[in-house]
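Q: The following file, work10.txt, comprises compact mmCIF, C-alpha atoms (C1' of nucleotides):
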```txt
# COMPACT_ATOMS: atom_id res chain seq x y z
CA MET A 1 0.00 0.00 0.00
CA TYR A 2 2.79 2.39 -0.80
CA SER A 3 4.13 3.93 -3.94
CA GLN A 4 6.97 6.34 -4.46
CA PRO A 5 5.89 9.49 -6.28
CA VAL A 6 7.73 9.91 -9.54
CA ASP A 7 6.29 13.03 -11.12
CA THR A 8 4.48 16.14 -9.97
CA ARG A 9 0.99 14.75 -10.39
CA ASP A 10 2.01 11.70 -8.43
CA LYS A 11 3.49 13.75 -5.61
CA LEU A 12 0.24 15.68 -5.34
CA ILE A 13 -1.86 12.54 -5.29
CA GLU A 14 0.31 10.83 -2.69
CA SER A 15 0.29 13.89 -0.45
CA THR A 16 -3.45 14.22 -0.79
CA ARG A 17 -3.83 10.54 0.08
CA GLU A 18 -1.87 11.01 3.28
CA LEU A 19 -3.72 14.15 4.30
CA LEU A 20 -7.15 12.70 3.56
CA TRP A 21 -6.24 9.69 5.66
CA GLU A 22 -5.03 11.80 8.54
CA ARG A 23 -7.42 14.74 8.44
CA GLY A 24 -10.34 13.90 6.16
CA TYR A 25 -11.70 15.96 3.31
CA VAL A 26 -12.86 19.00 5.21
CA GLY A 27 -9.63 19.03 7.20
CA THR A 28 -7.39 18.92 4.17
CA SER A 29 -6.47 22.23 2.58
CA PRO A 30 -4.83 22.88 -0.77
CA LYS A 31 -2.12 24.74 1.10
CA ALA A 32 -1.31 21.71 3.21
CA ILE A 33 -1.12 19.57 0.08
CA GLN A 34 1.33 22.01 -1.45
CA ALA A 35 3.44 22.09 1.70
CA LEU A 36 3.60 18.31 2.05
CA SER A 37 4.24 17.62 -1.62
CA GLY A 38 6.67 20.46 -2.15
CA VAL A 39 4.67 21.45 -5.21
CA GLY A 40 3.91 25.15 -5.68
CA GLN A 41 0.52 26.82 -5.87
CA GLY A 42 0.59 27.49 -9.61
CA SER A 43 1.83 24.03 -10.38
CA MET A 44 -0.88 22.40 -8.30
CA TYR A 45 -3.66 24.32 -10.01
CA HIS A 46 -2.10 23.54 -13.36
CA HIS A 47 -2.47 19.79 -12.76
CA PHE A 48 -5.77 19.80 -10.88
CA SER A 49 -8.74 22.13 -11.03
CA GLY A 50 -8.99 22.19 -7.23
CA LYS A 51 -9.54 20.23 -4.09
CA PRO A 52 -12.41 18.02 -5.31
CA GLU A 53 -10.45 16.80 -8.33
CA LEU A 54 -7.39 16.10 -6.19
CA ALA A 55 -9.47 14.19 -3.67
CA LEU A 56 -11.10 12.13 -6.39
CA ALA A 57 -7.75 11.09 -7.83
CA ALA A 58 -6.47 10.28 -4.34
CA LEU A 59 -9.52 8.22 -3.39
CA ARG A 60 -9.42 6.28 -6.64
CA ARG A 61 -5.81 5.35 -6.09
CA SER A 62 -6.40 4.40 -2.46
CA ALA A 63 -9.35 2.21 -3.48
CA GLU A 64 -7.25 0.48 -6.11
CA LEU A 65 -4.40 -0.24 -3.68
CA LEU A 66 -6.73 -1.40 -0.95
CA ARG A 67 -8.34 -3.85 -3.32
CA ALA A 68 -5.00 -5.22 -4.45
CA GLU A 69 -3.97 -5.65 -0.83
CA ALA A 70 -7.21 -7.45 0.08
CA GLU A 71 -6.82 -9.80 -2.87
CA ARG A 72 -3.55 -11.03 -1.43
CA SER A 73 -5.23 -12.60 1.58
CA LEU A 74 -8.69 -13.31 0.21
CA LEU A 75 -7.67 -14.86 -3.09
CA GLY A 76 -4.54 -16.59 -1.80
CA PRO A 77 -4.10 -20.19 -0.68
CA GLY A 78 -5.86 -21.88 2.24
CA THR A 79 -9.36 -22.80 3.30
CA ALA A 80 -12.15 -20.23 3.35
CA VAL A 81 -11.82 -19.66 7.08
CA GLU A 82 -8.04 -19.34 6.78
CA ARG A 83 -8.35 -16.76 4.05
CA VAL A 84 -10.95 -14.68 5.90
CA THR A 85 -8.87 -14.98 9.07
CA GLY A 86 -5.82 -13.86 7.12
CA TYR A 87 -7.75 -10.86 5.85
CA LEU A 88 -8.93 -9.97 9.36
CA ARG A 89 -5.48 -10.40 10.90
CA ARG A 90 -3.35 -8.94 8.18
CA GLU A 91 -1.00 -6.22 9.27
CA ARG A 92 -2.78 -2.91 9.59
CA GLU A 93 -2.01 0.51 10.99
CA VAL A 94 -4.96 0.10 13.30
CA LEU A 95 -4.77 3.51 14.95
CA ARG A 96 -4.67 5.26 11.61
CA GLY A 97 -7.78 3.52 10.40
CA CYS A 98 -8.97 2.78 6.88
CA ARG A 99 -8.19 5.24 4.11
CA ILE A 100 -11.52 4.48 2.45
CA GLY A 101 -13.86 3.90 5.39
CA ARG A 102 -12.59 7.06 7.00
CA MET A 103 -14.15 9.19 4.30
CA ALA A 104 -17.63 7.87 5.10
CA GLN A 105 -17.79 10.41 7.91
CA ASP A 106 -17.16 13.35 5.64
CA PRO A 107 -20.49 14.91 4.64
CA GLU A 108 -19.01 16.59 1.58
CA VAL A 109 -17.69 13.25 0.35
CA ILE A 110 -20.93 11.40 1.02
CA ALA A 111 -22.99 14.15 -0.61
CA ASP A 112 -20.97 14.03 -3.84
CA PRO A 113 -21.72 10.93 -5.94
CA GLN A 114 -18.33 11.14 -7.65
CA LEU A 115 -16.42 11.22 -4.38
CA ARG A 116 -18.61 8.60 -2.73
CA ALA A 117 -18.27 6.15 -5.63
CA PRO A 118 -14.83 4.77 -4.67
CA LEU A 119 -16.17 4.00 -1.19
CA ALA A 120 -19.32 2.28 -2.41
CA GLU A 121 -17.43 0.32 -5.06
CA THR A 122 -14.69 -0.79 -2.68
CA PHE A 123 -17.08 -2.14 -0.08
CA ASP A 124 -19.30 -3.73 -2.72
CA TRP A 125 -16.34 -5.52 -4.20
CA LEU A 126 -15.10 -6.64 -0.78
CA ARG A 127 -18.52 -7.92 0.22
CA GLU A 128 -18.91 -9.86 -2.99
CA THR A 129 -15.43 -11.29 -2.77
CA ILE A 130 -15.83 -12.43 0.82
CA THR A 131 -19.28 -13.80 0.01
CA THR A 132 -17.77 -15.93 -2.71
CA VAL A 133 -14.98 -17.16 -0.47
CA LEU A 134 -17.49 -18.18 2.20
CA ALA A 135 -19.90 -19.77 -0.26
CA GLU A 136 -17.14 -21.86 -1.81
CA GLY A 137 -15.89 -22.78 1.64
CA ARG A 138 -19.35 -23.91 2.62
CA SER A 139 -19.74 -26.11 -0.45
CA ARG A 140 -16.38 -27.69 0.43
CA GLY A 141 -17.43 -28.26 4.03
CA GLU A 142 -14.83 -25.81 5.41
CA VAL A 143 -17.53 -23.55 6.75
CA ALA A 144 -20.60 -24.41 8.85
CA PRO A 145 -23.59 -25.10 6.58
CA ASP A 146 -25.90 -22.75 8.50
CA LEU A 147 -23.66 -19.72 7.93
CA VAL A 148 -25.14 -17.32 5.36
CA PRO A 149 -22.31 -16.12 3.11
CA GLU A 150 -23.67 -12.69 2.18
CA THR A 151 -24.70 -11.40 5.59
CA THR A 152 -21.60 -12.92 7.17
CA ALA A 153 -19.46 -11.10 4.62
CA ALA A 154 -21.11 -7.82 5.64
CA THR A 155 -20.38 -8.68 9.26
CA VAL A 156 -16.71 -9.28 8.47
CA LEU A 157 -16.40 -5.90 6.80
CA ALA A 158 -18.25 -4.14 9.60
CA VAL A 159 -16.00 -5.66 12.24
CA VAL A 160 -12.93 -4.29 10.50
CA GLN A 161 -14.39 -0.83 10.02
CA GLY A 162 -15.88 -0.72 13.49
CA GLY A 163 -12.70 -2.12 14.99
CA TYR A 164 -10.87 0.95 13.75
CA VAL A 165 -13.43 3.20 15.43
CA LEU A 166 -13.09 1.39 18.76
CA ALA A 167 -9.30 1.41 18.53
CA ARG A 168 -9.03 5.11 17.82
CA SER A 169 -11.51 5.88 20.59
CA ALA A 170 -9.41 3.87 23.05
CA ASP A 171 -6.11 5.05 21.60
CA SER A 172 -5.15 1.38 21.52
CA ALA A 173 -5.14 -1.40 18.96
CA GLU A 174 -6.52 -3.80 21.55
CA PRO A 175 -10.27 -3.34 20.89
CA PHE A 176 -9.66 -3.96 17.19
CA ARG A 177 -7.95 -7.25 18.02
CA GLN A 178 -10.70 -8.24 20.43
CA ALA A 179 -13.42 -7.58 17.89
CA VAL A 180 -11.54 -9.59 15.28
CA ASP A 181 -10.85 -12.44 17.70
CA GLY A 182 -14.50 -12.56 18.68
CA LEU A 183 -15.57 -12.77 15.07
CA ILE A 184 -13.02 -15.42 14.14
CA ALA A 185 -14.20 -17.54 17.06
CA LEU A 186 -17.77 -17.16 15.85
CA ILE A 187 -17.13 -18.16 12.26
CA SER A 188 -14.70 -20.96 13.14
CA ARG A 189 -17.18 -23.17 14.92
CA MET B 1 -32.09 10.79 22.57
CA TYR B 2 -33.63 14.20 22.40
CA SER B 3 -34.01 17.08 24.75
CA GLN B 4 -35.60 20.46 24.29
CA PRO B 5 -33.21 23.34 25.04
CA VAL B 6 -34.49 25.47 27.85
CA ASP B 7 -31.83 28.09 28.44
CA THR B 8 -29.00 29.67 26.47
CA ARG B 9 -26.34 27.20 27.55
CA ASP B 10 -28.64 24.36 26.61
CA LYS B 11 -29.39 25.81 23.20
CA LEU B 12 -25.67 26.08 22.54
CA ILE B 13 -25.00 22.53 23.63
CA GLU B 14 -27.86 21.09 21.59
CA SER B 15 -26.79 22.98 18.49
CA THR B 16 -23.22 21.87 18.95
CA ARG B 17 -24.40 18.28 19.34
CA GLU B 18 -26.24 18.44 16.05
CA LEU B 19 -23.37 20.06 14.19
CA LEU B 20 -20.75 17.70 15.59
CA TRP B 21 -22.92 14.78 14.52
CA GLU B 22 -23.41 16.14 11.03
CA ARG B 23 -20.05 17.76 10.30
CA GLY B 24 -17.55 16.62 12.93
CA TYR B 25 -15.28 18.76 15.05
CA VAL B 26 -13.14 20.31 12.35
CA GLY B 27 -16.24 20.98 10.25
CA THR B 28 -18.13 22.74 13.01
CA SER B 29 -17.54 26.47 13.36
CA PRO B 30 -18.53 28.77 16.22
CA LYS B 31 -20.41 30.84 13.67
CA ALA B 32 -22.50 27.87 12.62
CA ILE B 33 -23.29 27.12 16.25
CA GLN B 34 -24.44 30.70 16.76
CA ALA B 35 -26.56 30.61 13.64
CA LEU B 36 -28.25 27.31 14.51
CA SER B 37 -28.82 28.15 18.16
CA GLY B 38 -29.85 31.74 17.58
CA VAL B 39 -27.39 32.79 20.27
CA GLY B 40 -25.17 35.78 19.54
CA GLN B 41 -21.39 35.93 19.41
CA GLY B 42 -20.89 37.71 22.71
CA SER B 43 -23.36 35.51 24.48
CA MET B 44 -21.72 32.36 23.24
CA TYR B 45 -18.28 33.42 24.39
CA HIS B 46 -19.75 34.47 27.70
CA HIS B 47 -20.99 30.92 28.38
CA PHE B 48 -18.12 28.97 26.82
CA SER B 49 -14.47 29.83 26.38
CA GLY B 50 -14.51 28.58 22.80
CA LYS B 51 -15.02 25.64 20.51
CA PRO B 52 -13.18 23.01 22.58
CA GLU B 53 -15.23 23.70 25.68
CA LEU B 54 -18.47 23.65 23.70
CA ALA B 55 -17.51 20.39 22.08
CA LEU B 56 -16.63 18.84 25.41
CA ALA B 57 -20.02 19.75 26.90
CA ALA B 58 -21.76 18.43 23.78
CA LEU B 59 -19.85 15.15 23.75
CA ARG B 60 -20.49 14.56 27.43
CA ARG B 61 -24.18 15.02 26.97
CA SER B 62 -24.29 12.79 23.91
CA ALA B 63 -22.38 10.08 25.76
CA GLU B 64 -24.78 10.25 28.66
CA LEU B 65 -27.86 9.99 26.44
CA LEU B 66 -26.37 7.19 24.37
CA ARG B 67 -25.69 5.21 27.50
CA ALA B 68 -29.22 5.71 28.79
CA GLU B 69 -30.58 4.57 25.45
CA ALA B 70 -28.38 1.46 25.39
CA GLU B 71 -29.45 0.53 28.90
CA ARG B 72 -33.03 0.30 27.73
CA SER B 73 -32.31 -2.70 25.49
CA LEU B 74 -29.32 -4.24 27.27
CA LEU B 75 -30.64 -4.09 30.81
CA GLY B 76 -34.27 -4.78 29.96
CA PRO B 77 -36.15 -8.07 30.02
CA GLY B 78 -35.39 -11.16 27.95
CA THR B 79 -32.61 -13.68 27.46
CA ALA B 80 -29.05 -12.56 26.80
CA VAL B 81 -29.38 -13.15 23.07
CA GLU B 82 -32.70 -11.31 22.99
CA ARG B 83 -31.22 -8.32 24.74
CA VAL B 84 -28.17 -8.14 22.50
CA THR B 85 -30.40 -8.62 19.47
CA GLY B 86 -32.62 -5.82 20.75
CA TYR B 87 -29.60 -3.59 21.09
CA LEU B 88 -28.41 -4.41 17.57
CA ARG B 89 -31.85 -3.95 16.02
CA ARG B 90 -33.05 -0.97 17.97
CA GLU B 91 -34.20 1.94 15.90
CA ARG B 92 -31.29 4.01 14.64
CA GLU B 93 -30.76 6.78 12.15
CA VAL B 94 -28.38 4.54 10.31
CA LEU B 95 -27.33 7.00 7.64
CA ARG B 96 -26.49 9.66 10.21
CA GLY B 97 -24.25 7.31 12.14
CA CYS B 98 -23.21 7.34 15.78
CA ARG B 99 -22.77 10.67 17.53
CA ILE B 100 -19.90 9.24 19.56
CA GLY B 101 -18.18 6.87 17.14
CA ARG B 102 -18.23 9.57 14.51
CA MET B 103 -15.77 11.66 16.47
CA ALA B 104 -13.15 8.90 16.39
CA GLN B 105 -12.21 10.10 12.92
CA ASP B 106 -11.46 13.62 14.07
CA PRO B 107 -7.73 13.98 14.72
CA GLU B 108 -8.22 16.99 16.99
CA VAL B 109 -10.65 15.03 19.14
CA ILE B 110 -8.45 11.95 19.32
CA ALA B 111 -5.37 14.03 20.10
CA ASP B 112 -7.03 15.75 23.05
CA PRO B 113 -7.42 13.47 26.09
CA GLN B 114 -10.32 15.54 27.41
CA LEU B 115 -12.27 15.32 24.18
CA ARG B 116 -11.41 11.67 23.61
CA ALA B 117 -12.49 10.63 27.12
CA PRO B 118 -16.25 10.49 26.44
CA LEU B 119 -15.56 8.19 23.49
CA ALA B 120 -13.28 5.85 25.41
CA GLU B 121 -15.60 5.76 28.41
CA THR B 122 -18.71 5.13 26.35
CA PHE B 123 -17.22 2.20 24.49
CA ASP B 124 -15.63 0.79 27.64
CA TRP B 125 -18.96 0.89 29.42
CA LEU B 126 -20.76 -0.68 26.48
CA ARG B 127 -18.19 -3.45 26.18
CA GLU B 128 -18.37 -4.23 29.87
CA THR B 129 -22.15 -4.16 29.89
CA ILE B 130 -22.47 -6.46 26.89
CA THR B 131 -19.78 -8.73 28.34
CA THR B 132 -21.81 -9.10 31.51
CA VAL B 133 -25.01 -9.79 29.61
CA LEU B 134 -23.29 -12.52 27.58
CA ALA B 135 -21.52 -14.04 30.59
CA GLU B 136 -24.76 -14.25 32.54
CA GLY B 137 -26.52 -15.68 29.51
CA ARG B 138 -23.84 -18.32 29.18
CA SER B 139 -24.13 -19.35 32.80
CA ARG B 140 -27.89 -19.69 32.25
CA GLY B 141 -27.40 -21.76 29.13
CA GLU B 142 -28.92 -19.09 26.85
CA VAL B 143 -25.65 -18.62 25.01
CA ALA B 144 -23.33 -21.25 23.55
CA PRO B 145 -20.70 -22.26 26.12
CA ASP B 146 -17.78 -21.77 23.70
CA LEU B 147 -18.62 -18.13 23.09
CA VAL B 148 -16.14 -15.81 24.84
CA PRO B 149 -18.11 -12.93 26.39
CA GLU B 150 -15.46 -10.23 26.25
CA THR B 151 -14.25 -10.62 22.67
CA THR B 152 -17.79 -11.22 21.47
CA ALA B 153 -18.88 -7.99 23.13
CA ALA B 154 -16.15 -6.14 21.22
CA THR B 155 -17.40 -7.77 18.04
CA VAL B 156 -20.95 -6.60 18.73
CA LEU B 157 -19.78 -3.01 19.18
CA ALA B 158 -17.59 -3.14 16.10
CA VAL B 159 -20.44 -4.44 13.95
CA VAL B 160 -22.59 -1.48 14.93
CA GLN B 161 -19.87 1.09 14.35
CA GLY B 162 -18.71 -0.55 11.14
CA GLY B 163 -22.27 -0.98 9.97
CA TYR B 164 -22.65 2.78 10.01
CA VAL B 165 -19.53 3.17 7.88
CA LEU B 166 -20.79 0.66 5.30
CA ALA B 167 -24.25 2.24 5.25
CA ARG B 168 -22.99 5.76 4.70
CA SER B 169 -20.60 4.56 2.00
CA ALA B 170 -23.48 2.85 0.19
CA ASP B 171 -25.94 5.64 0.96
CA SER B 172 -28.25 2.90 2.17
CA ALA B 173 -29.17 1.32 5.48
CA GLU B 174 -29.03 -2.13 3.90
CA PRO B 175 -25.37 -2.98 4.63
CA PHE B 176 -25.93 -2.09 8.28
CA ARG B 177 -28.83 -4.51 8.46
CA GLN B 178 -26.88 -7.22 6.69
CA ALA B 179 -23.95 -6.89 9.06
CA VAL B 180 -26.29 -7.04 12.05
CA ASP B 181 -28.20 -10.02 10.64
CA GLY B 182 -24.95 -11.86 10.01
CA LEU B 183 -23.81 -11.29 13.56
CA ILE B 184 -27.12 -12.27 15.13
CA ALA B 185 -27.08 -15.51 13.15
CA LEU B 186 -23.56 -16.19 14.40
CA ILE B 187 -24.30 -15.63 18.07
CA SER B 188 -27.70 -17.37 17.99
CA ARG B 189 -26.42 -20.84 17.16
C1' DG C 1 -25.48 38.57 29.84
C1' DT C 2 -25.66 40.29 25.22
C1' DC C 3 -24.31 43.25 21.26
C1' DT C 4 -21.30 45.23 17.74
C1' DA C 5 -16.72 46.20 16.05
C1' DT C 6 -12.32 44.74 15.09
C1' DA C 7 -8.29 41.55 14.29
C1' DT C 8 -5.52 37.67 12.66
C1' DT C 9 -5.03 33.46 10.20
C1' DT C 10 -6.43 30.09 6.97
C1' DG C 11 -9.07 28.27 2.98
C1' DG C 12 -9.45 28.06 -1.65
C1' DA C 13 -8.70 30.13 -5.49
C1' DT C 14 -7.59 33.43 -9.87
C1' DA C 15 -4.24 36.34 -12.72
C1' DG C 16 -0.46 37.16 -15.07
C1' DA C 17 4.66 37.04 -15.47
C1' DC C 18 8.50 33.90 -16.60
C1' DG D 1 4.74 24.00 -16.22
C1' DT D 2 5.93 26.82 -12.42
C1' DC D 3 6.20 31.13 -9.65
C1' DT D 4 4.58 35.22 -7.23
C1' DA D 5 0.99 38.47 -6.29
C1' DT D 6 -3.55 39.27 -5.16
C1' DC D 7 -8.39 38.32 -3.66
C1' DC D 8 -12.50 37.39 -0.93
C1' DA D 9 -14.81 34.64 2.42
C1' DA D 10 -14.75 32.03 6.57
C1' DA D 11 -12.71 30.52 11.05
C1' DT D 12 -11.90 31.80 15.64
C1' DA D 13 -11.55 34.66 18.50
C1' DT D 14 -10.83 39.53 21.60
C1' DA D 15 -12.43 44.31 23.17
C1' DG D 16 -15.34 47.32 24.85
C1' DA D 17 -20.03 49.42 24.94
C1' DC D 18 -24.79 48.72 26.72
```
Go through the file and emit its structure as structure tokens.

A:
Amino acid sequence: MYSQPVDTRDKLIESTRELLWERGYVGTSPKAIQALSGVGQGSMYHHFSGKPELALAALRRSAELLRAEAERSLLGPGTAVERVTGYLRREREVLRGCRIGRMAQDPEVIADPQLRAPLAETFDWLRETITTVLAEGRSRGEVAPDLVPETTAATVLAVVQGGYVLARSADSAEPFRQAVDGLIALISR
Amino acid sequence: MYSQPVDTRDKLIESTRELLWERGYVGTSPKAIQALSGVGQGSMYHHFSGKPELALAALRRSAELLRAEAERSLLGPGTAVERVTGYLRREREVLRGCRIGRMAQDPEVIADPQLRAPLAETFDWLRETITTVLAEGRSRGEVAPDLVPETTAATVLAVVQGGYVLARSADSAEPFRQAVDGLIALISR
DNA sequence: GTCTATATTTGGATAGAC
DNA sequence: GTCTATCCAAATATAGAC
């Protein structure tokens, strides 16, 4: 989930990604993006029309990287439960939260269909992917037959997103781990 | 979860509560609070030293009300699973999210121990309360014996908080309901 | 307690030179 | 493509009168 900026556009997008993650849309100013990226005012407005366009490019890239990262655990080797467990337990910067889920709190993002789209698409894709993993696992007998793949997939996603909220509130990664452990115990029986 | 403002301080706190819910800490300006409450500049700064103090009063009140609301389902009648299910399915303004959990995304709230305290305390109390409900239910045979009360309680909280994130991202309450349904199925067997 | 005036900084750009 | 100058509104107060 990291890429070294090579050109000016890239530097702007990477800096915007970091600031959106840390401070959200309303908390991210063009000036801060310029300062972090080292790109000047004129240059920034040459490459992007303004803050919304920058944010859109940043969110699209974050969504793409998040998806690639999730594929590594979900579409890798192992049984269904192992793959979902791997996804839940993969290394995360728990106290920083999710680059995508974070934006769901920003009213200006949620109100703008263009800006909201990467969020909706990312979670849709994740839910479908996890649903498929669980459904296949069930047909192979790796997963309890009474477990409903689609709703369980939504539960998995919610635990991750909610785990971040609990962790940040507690200023500790512990609640995230507890929530994940509780879920893994529930789906493993 | 509603109270009619009676005096000036109350009007300010209620308006701040609404704005913090809708726009977060960084997105809430003193001017907006004055406009919504109908209280003038001078009056506002007479009652509160500034935005942090207003936010603190608002968060404390929201935490108190949220706790009272949660007690209604968690400490009411019914088996352990019924009470947790009641908590999960109680009426919520899903697309508006949680007044408390919402603030976990605000770096200025998380960085300030005073402002973060209501969040940490609320989730600690909820986790402990749900843990107790599940532990008692287990000892009564209402809950599967292999279900760990503490981690499961964290999972319950995370599903609610994460459900809000998924719902707002999708601009639909459906993912919240799916996540909750998935969890209820998991703890009911 | 409340009002109006004033002040400083930041947000988010546009304009035009190089 | 990039730089510097300029602009106007909003954020977040403080001061002093009533």

Q: Find the spatial neighbours of B:Ala58, counting only C-alpha atoms (C1' of nucleotides), within a cut-off of 8 Å - ignore same-chain residues fewer than 5 positions away - and output them as a compact mmCIF listing (two decimals) with C-alpha atoms, in the coordinates of the input.

A:
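Dumped to part-v7.txt:
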```txt
# COMPACT_ATOMS: atom_id res chain seq x y z
CA ILE B 13 -25.00 22.53 23.63
CA GLU B 14 -27.86 21.09 21.59
CA THR B 16 -23.22 21.87 18.95
CA ARG B 17 -24.40 18.28 19.34
```

Q: D:DA13: which residues within 9 Å, counting only C-alpha atoms (C1' of nucleotides), same-chain residues fewer than 4 positions away excluded, as a ChimeraX atom specification?

A: /B:50 /C:7-8

Q: Give me, as a list of chain:residue names, the residues of chain A touching chain D, with the criterion being at most 9 Å (counting only C-alpha atoms (C1' of nucleotides)).

A: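 Per the criterion, chain A yields A:Gly40, A:Gln41, A:Gly42, A:Ser43, A:His46.
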
Q: Would you compute the distance between atom CA of A:Pro77 and atom CA of B:Ile184? Give it in Å to one decimal.

A: 29.0 Å

Q: Per residue of chain C within 10 Å of chain A, which atom pair is closest and at what distance in Å (one decimal), using all atoms listed in the file, listed by chain and increasing number, as a tab-separated table?

A:
```
residue	atom	partner	partner_atom	distance
C:DT10	C1'	A:Ser29	CA	9.0
C:DG11	C1'	A:Ser29	CA	6.6
C:DG12	C1'	A:Pro30	CA	7.0
C:DA13	C1'	A:Gly50	CA	8.1
C:DT14	C1'	A:Tyr45	CA	9.9
```

Q: What are the nearest atom pairs, with distances in Å to one decimal, for all residues of chain B that come at most 6 Å from chain A, using all atoms listed in the file, set out by chain and rising residue number as a tab-separated table?

A:
```
residue	atom	partner	partner_atom	distance
B:Ala104	CA	A:Ser169	CA	5.4
B:Leu119	CA	A:Ser169	CA	5.5
B:Ala120	CA	A:Ala170	CA	4.9
B:Thr151	CA	A:Gly182	CA	4.4
B:Thr152	CA	A:Gly182	CA	4.5
B:Ala154	CA	A:Ala179	CA	4.5
B:Thr155	CA	A:Ala179	CA	4.0
B:Ala158	CA	A:Gly162	CA	3.9
B:Val159	CA	A:Ala158	CA	4.9
B:Gln161	CA	A:Gly162	CA	4.5
B:Gly162	CA	A:Gly162	CA	3.7
B:Gly163	CA	A:Ala158	CA	5.1
B:Val165	CA	A:Ala104	CA	5.8
B:Arg168	CA	A:Ala104	CA	5.8
B:Ser169	CA	A:Ala120	CA	5.1
B:Ala170	CA	A:Ala120	CA	4.9
B:Gln178	CA	A:Thr151	CA	4.8
B:Ala179	CA	A:Thr155	CA	4.0
B:Gly182	CA	A:Thr151	CA	4.5
```

Q: What separation in Å, quoted to one decimal, exists between atom CA of A:Leu126 and atom CA of A:Leu75?

A: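 Atom-to-atom, atom CA of A:Leu126 to atom CA of A:Leu75, that is 11.3 Å.
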
Q: Would you mind listing what lies within 8 Å of B:Val84 as a ChimeraX atom specification, with all atoms listed in the file counted and same-chain residues fewer than 4 positions away left out?

A: /B:73-74,80,88,130,133

Q: Separation of atom CA of A:Phe48 and atom CA of A:Ala35, in Å?

A: 15.8 Å

Q: With all atoms listed in the file as the basis for distance, which of B:Leu12, B:Leu20, B:Val81, B:Leu95 is at the shortest distance from B:Arg138?

A: B:Val81

Q: Which polymer residues have any atom within 12 Å of an atom of A:Asp7, counting all atoms listed in the file, with same-chain residues fewer than 2 positions away left out, as number ranges by chain?

A: A: 3-5, 9-14, 37-39, 43, 47
